[in-house]
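Undergrad: One structure is given below, represented as structure tokens, and several questions about it will come after.
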There are 4 protein chains.
Amino acid sequence: MEELLEELLEECRPYTKQGKLADYIPELTKGNLDDLGIYVVSSDGKCYQAGDYKKQFTIQSIVKPILLLQALLDNGIDRVRSRVGVEATGKPFDAINMNDQTLLSENINPMVNMGAIAMCTLIKGDTVEARFQRILELTRKLACNPEIEMDQDVYLSEKRTGNKNRALGFLLKSYGMIEDDDVEQVVDCYFRVCSIRVSSKDLAHIGYVLASRGKLPQTEERVFPSKYATYVNAILMTCGMYDGSGDFAVRVGLPAKSGVGGGIMAVAPTRMGIGIFSPGLDAKGNSVAGIKVLEKLSQRMYLSIFKRN
Amino acid sequence: MEELLEELLEECRPYTKQGKLADYIPELTKGNLDDLGIYVVSSDGKCYQAGDYKKQFTIQSIVKPILLLQALLDNGIDRVRSRVGVEATGKPFDAINMNDQTLLSENINPMVNMGAIAMCTLIKGDTVEARFQRILELTRKLACNPEIEMDQDVYLSEKRTGNKNRALGFLLKSYGMIEDDDVEQVVDCYFRVCSIRVSSKDLAHIGYVLASRGKLPQTEERVFPSKYATYVNAILMTCGMYDGSGDFAVRVGLPAKSGVGGGIMAVAPTRMGIGIFSPGLDAKGNSVAGIKVLEKLSQRMYLSIFKRN
Amino acid sequence: MEELLEELLEECRPYTKQGKLADYIPELTKGNLDDLGIYVVSSDGKCYQAGDYKKQFTIQSIVKPILLLQALLDNGIDRVRSRVGVEATGKPFDAINMNDQTLLSENINPMVNMGAIAMCTLIKGDTVEARFQRILELTRKLACNPEIEMDQDVYLSEKRTGNKNRALGFLLKSYGMIEDDDVEQVVDCYFRVCSIRVSSKDLAHIGYVLASRGKLPQTEERVFPSKYATYVNAILMTCGMYDGSGDFAVRVGLPAKSGVGGGIMAVAPTRMGIGIFSPGLDAKGNSVAGIKVLEKLSQRMYLSIFKRN
Amino acid sequence: MEELLEELLEECRPYTKQGKLADYIPELTKGNLDDLGIYVVSSDGKCYQAGDYKKQFTIQSIVKPILLLQALLDNGIDRVRSRVGVEATGKPFDAINMNDQTLLSENINPMVNMGAIAMCTLIKGDTVEARFQRILELTRKLACNPEIEMDQDVYLSEKRTGNKNRALGFLLKSYGMIEDDDVEQVVDCYFRVCSIRVSSKDLAHIGYVLASRGKLPQTEERVFPSKYATYVNAILMTCGMYDGSGDFAVRVGLPAKSGVGGGIMAVAPTRMGIGIFSPGLDAKGNSVAGIKVLEKLSQRMYLSIFKRN
């Protein structure tokens, strides 16, 4: 298996140069386009890795399924659905999901920015700090890594430049979707959780828990009810790769989430969690080489949900 | 199993009244809201049915995956993808999928009208009649039913009133996406294939072939290559239920396609094909009771792709 | 005065090269970018001209105010307003003026294609030919030129390629705005009236009638009631130059209408009608040099409605 | 003349009940639907009034032309135009004037909120307070009323609830249109200037200065160059009444600006400035009875720019 992973990285290395580093958060432009790593946590109890799998980067949008899990744990499916819908928006990750002059909760998706900001108001906690800590704790638990921390520089960089996200926050507020909370606080919470620093290894562990329907590897401790895995995996399948989700479903066929930090977390239900890192992004904000590696891995191991025999 | 189906129909019968008959094709308003039927073709070689499973209705949008299969058979994946994209549009089935003044093939989806009309130009055949016959033949083959015919009244009704579809056709033409073909002919082909008359039983058989990755039940004759099943099923998962696909993924978790005639064809990969009929539609054009039956069947039999153990 | 006109043409000649010939109607690409002419019909009973004022070109969108006048004469203001609104659309001339899934008459403007096509259904006449003849007659009368004819080549060129306009027609039909009429016939009428061949001299005469509130020069024969002049001039001021109307109001300050044939008809109320021809267009479909000439003429002669003393 | 004004108010009084008080700023709901007043400053040196012409209300959007004048005085036409366009948007006053993912200065109009917020960054002054004071001073000067003040309650009400405007501000910031300024400060400046308290009398005086091309009544002191009057009046004509500007041009035919406080300022070039107050608004945010009074006044006195003889 590790041989296979090494092989895939070699085959896909040329694609690392086809992407571009995210440039709308100044701190992210400091990444290295050459980085490429993969980590797999398998249901047979083993782990496999290749390349820069230890390299750290910020989780960015891959925190969205974690926010969604915490929102579900804190509120249940019904309340979460009444606030944040499940339909693909057909638009980029930072789009304003409004029709003309109306903003409806059913038009907000938890896997794009507007929905993720709305979810931050659903996380229990009296302060931004308290909410952030709960998301950080859940991330650590899912990743089986108590040392995960926030990247202060990226956080400050996002906080300084994240005005589109502030605009989305104030739109949500003006349409009654951020009730008592202060917009700047809500957006600050979002900036913080996006700045959590992870590695491919961490993402693979998180993916594994979604693949195993809520249980941690080894200890088999249950972190969340099985039905939440169904909910999150279904949404990842239809919307996890932004407006590239349809292409990803066709080529890879797995629930997955990308982040502009260059990470992808993929879920092969019952079989494995996969973490990939390669910071070169396509126009939609997804890792070019990362998708390519997943496409090949899915083909070789018949991972696609639509290919099972 | 048949007992289970009977039970589900009884439980879901109240939902038949919650929907409305499609009213934008005059002929469809003649349907009966009380109709409710289900048919299952299982990989164990058996068939199960309940309710009005013999009742005939027009296939409407459920012909879209068949159009896509024929387009793939005639052109291959690359050429089809260069003409019709795979991303969810975030809009209703008859929406104009344009951004401002640009119409790009990547914004057209094969499961909504604009993409389906574009696909009609990809079907081989010198005349409308020839193209229609090929789709009809493929439908008969997939459904294992040589007696399937077009409903002349519905066809004429659509032809008389289908001006939104004509508008979509002329937009495609003006942006170069209907090359040599005559728009009225292309749209006429679309009206005809939508008017093919099927039953739940037929839909279950068609779904079975997608579930078995291209092979007919019993004879195991291969109708299309396995990779086309992957392609079609992936698109059905992300976009088969229009702008209700996310909700359907969460609640049912199967590749499926609905039609405004009241049918739903669902694909439980490797396990079964399912056909349902109940003509009461929700605001998005999907059968209300049909989705409810599928939700319960999926729960009882652990059919959801996102729930497998 | 003629000296002034000569001078202005010389000053503005360099701008003729900055525009491009319309390319979406094949026949229009045969124009000559060097053409530049102006004609003025003044309320003092005199006419002035310079450059290629005799050159003929197709009227294109400048027929829209004539269509509107005929629609008003045939139906009165109330009925016309109930079918075609008066607000600027903020979009290009061939835009689809819909909000999401709704098409409302108040969102259709008579000075852009969608509204003009809708107006064709308001012109009395049993056949396309009869309607076209009435518009042609009104054009001849307003222009004091009984020899005005349609350009057959441009008409056929538009008819062959005008699929965007057909799409707009079918959208109008599908939303009930083309009642009994056949779409192809309505659009054919539109193609014909757009292909009427005029010169700057003709446009100046037409503009004069709007400037004199309905009376022909010399004979003072009244062609339409004064209130229709108010209605048409107001609409020309806010929407006559498509999504360049605001810029034109600021720079020139006159009711005017442009056509992609290169013509501009301008109305200086009580003072003069102006016709200009220069076929090089800007991105919005307006004659570049034509606007420049009008800007300078307006400045020198204090024509702007917003500058009167 | 005063008799005429009295008469008009009586005729139009029934319309006061057809509108609704603005409800999106809580403080504005305290208005009285019965209020109706008019004031005219005429070029013959006289003033005429009727009804509640002394009644005070907040200026709201009628401050937009004043902001534009100050921006022009501080930056000149070229720089202002490079930052804020002149085309009608075809959308409501608080719309997000973006195409898909792009925000261009040419799509921002100074008479809708997004453009007005952008203009606040063009006003010279080191602090919000300094900028606000300059706008207040200009308002006092134009209105010939040194006692004009801000309404503290309305300001605080807007500041508390104006999240849509904040969203617009952060969008402008994220697209580089609010350079060094702090968004909250810019928006605060906007809230303040909107809360300036005026009467119909004040609005009539302001309108008079625009009608006289920059000169105060009586003293004939020039407040701004004549060319700025042309610029502002042209924009008021095409966009002063939001997406009701076309209707207003047809019915009234004067440059004018409305505010959700219930005021309308109208400009009859060379003849008079008009101020009206009636707080019942139509769906577009314009005073219902106010427009009706202006329509009748325009008809009786032949004020329409499109009707001059």
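The way I read the labels, and the way they are meant: chains A, B, ... in the order of the structure tokens, residue 1 as the first residue of every chain, and ligand 1 as the first ligand shown, with later ones counted on from there.
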For chain A, report every residue with an atom at most 10 Å from chain D (counting only C-alpha atoms), formatted as a count of residues only.
TA: 25
Undergrad: Excluding range 198-214 of chain B and residues on its chain fewer than 5 positions from it, collect all residues at most 9 Å away from it, counting only C-alpha atoms, and give them as a PyMOL selection string.
TA: (chain A and resi 306-307+309) or (chain B and resi 37-43+49+52-59+62+66+139-145+148-150+220-230+232-233+256+263-277)
Undergrad: For Met1 in chain D, which residue among D:Met301, D:Ile117, D:Ile77, D:Leu28 is the nearest when counting only C-alpha atoms?
TA: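 Between D:Met301, D:Ile117, D:Ile77, D:Leu28, the residue approaching Met1 in chain D most closely is D:Met301.
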Undergrad: Hey, what's within 10 Å of Leu156 in chain D if we count only C-alpha atoms and toss same-chain stuff fewer than 6 positions away? As a ChimeraX atom specification, please?
TA: /D:25,27,162,188,191-192,195
Undergrad: Report, in Å to a single decimal, how far apart CA of Pro146 in chain D and CA of Gln60 in chain D are.
TA: 18.7 Å
Undergrad: Return as a list in words the full set of residues in range 15-110 of chain A whose backbone-based DSSP assignment is strand (DSSP E).
TA: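 These are the residues in question: Gly37, Ile38, Tyr39, Val40, Val41, Ser42, Cys47, Tyr48, Gln49, Ala50, Gly51, Gln56, Phe57 and Thr58 of chain A.
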Undergrad: Could you save the residues just selected, with N, CA, C and O atoms, as a CSV table (one decimal), in the first residue's frame?
TA:
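Generated file (result_10.csv):
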chain,number,residue,atom,x,y,z
A,37,GLY,N,1.8,15.6,0.0
A,37,GLY,CA,1.8,14.5,1.0
A,37,GLY,C,0.4,13.8,1.1
A,37,GLY,O,-0.6,14.4,0.7
A,38,ILE,N,0.4,12.5,1.5
A,38,ILE,CA,-0.8,11.8,1.7
A,38,ILE,C,-0.7,10.9,2.9
A,38,ILE,O,0.4,10.4,3.2
A,39,TYR,N,-1.8,10.7,3.5
A,39,TYR,CA,-1.9,9.8,4.7
A,39,TYR,C,-3.2,9.1,4.7
A,39,TYR,O,-4.3,9.6,4.3
A,40,VAL,N,-3.2,7.8,5.0
A,40,VAL,CA,-4.4,7.0,4.9
A,40,VAL,C,-4.6,6.2,6.3
A,40,VAL,O,-3.6,5.6,6.7
A,41,VAL,N,-5.8,6.4,6.9
A,41,VAL,CA,-6.1,5.6,8.1
A,41,VAL,C,-7.1,4.5,7.6
A,41,VAL,O,-8.2,4.9,7.2
A,42,SER,N,-6.7,3.3,7.7
A,42,SER,CA,-7.5,2.2,7.1
A,42,SER,C,-8.3,1.5,8.1
A,42,SER,O,-7.9,1.4,9.3
A,47,CYS,N,-2.1,2.3,9.2
A,47,CYS,CA,-1.9,3.7,8.6
A,47,CYS,C,-0.9,3.6,7.6
A,47,CYS,O,0.1,2.8,7.7
A,48,TYR,N,-1.0,4.4,6.5
A,48,TYR,CA,-0.1,4.4,5.4
A,48,TYR,C,0.2,5.8,5.1
A,48,TYR,O,-0.7,6.7,5.2
A,49,GLN,N,1.4,6.1,4.6
A,49,GLN,CA,1.7,7.5,4.3
A,49,GLN,C,2.8,7.6,3.2
A,49,GLN,O,3.5,6.7,3.0
A,50,ALA,N,2.9,8.8,2.7
A,50,ALA,CA,3.9,9.1,1.7
A,50,ALA,C,4.1,10.6,1.6
A,50,ALA,O,3.2,11.3,1.9
A,51,GLY,N,5.3,11.0,1.2
A,51,GLY,CA,5.5,12.4,0.9
A,51,GLY,C,5.5,13.3,2.2
A,51,GLY,O,5.8,12.8,3.3
A,56,GLN,N,2.6,20.8,8.0
A,56,GLN,CA,1.4,21.5,8.6
A,56,GLN,C,0.9,22.6,7.7
A,56,GLN,O,1.7,23.3,7.0
A,57,PHE,N,-0.4,22.8,7.7
A,57,PHE,CA,-1.0,23.9,7.0
A,57,PHE,C,-2.3,24.2,7.7
A,57,PHE,O,-2.8,23.5,8.6
A,58,THR,N,-3.0,25.3,7.3
A,58,THR,CA,-4.2,25.6,8.0
A,58,THR,C,-5.4,24.9,7.3
A,58,THR,O,-5.5,24.7,6.1
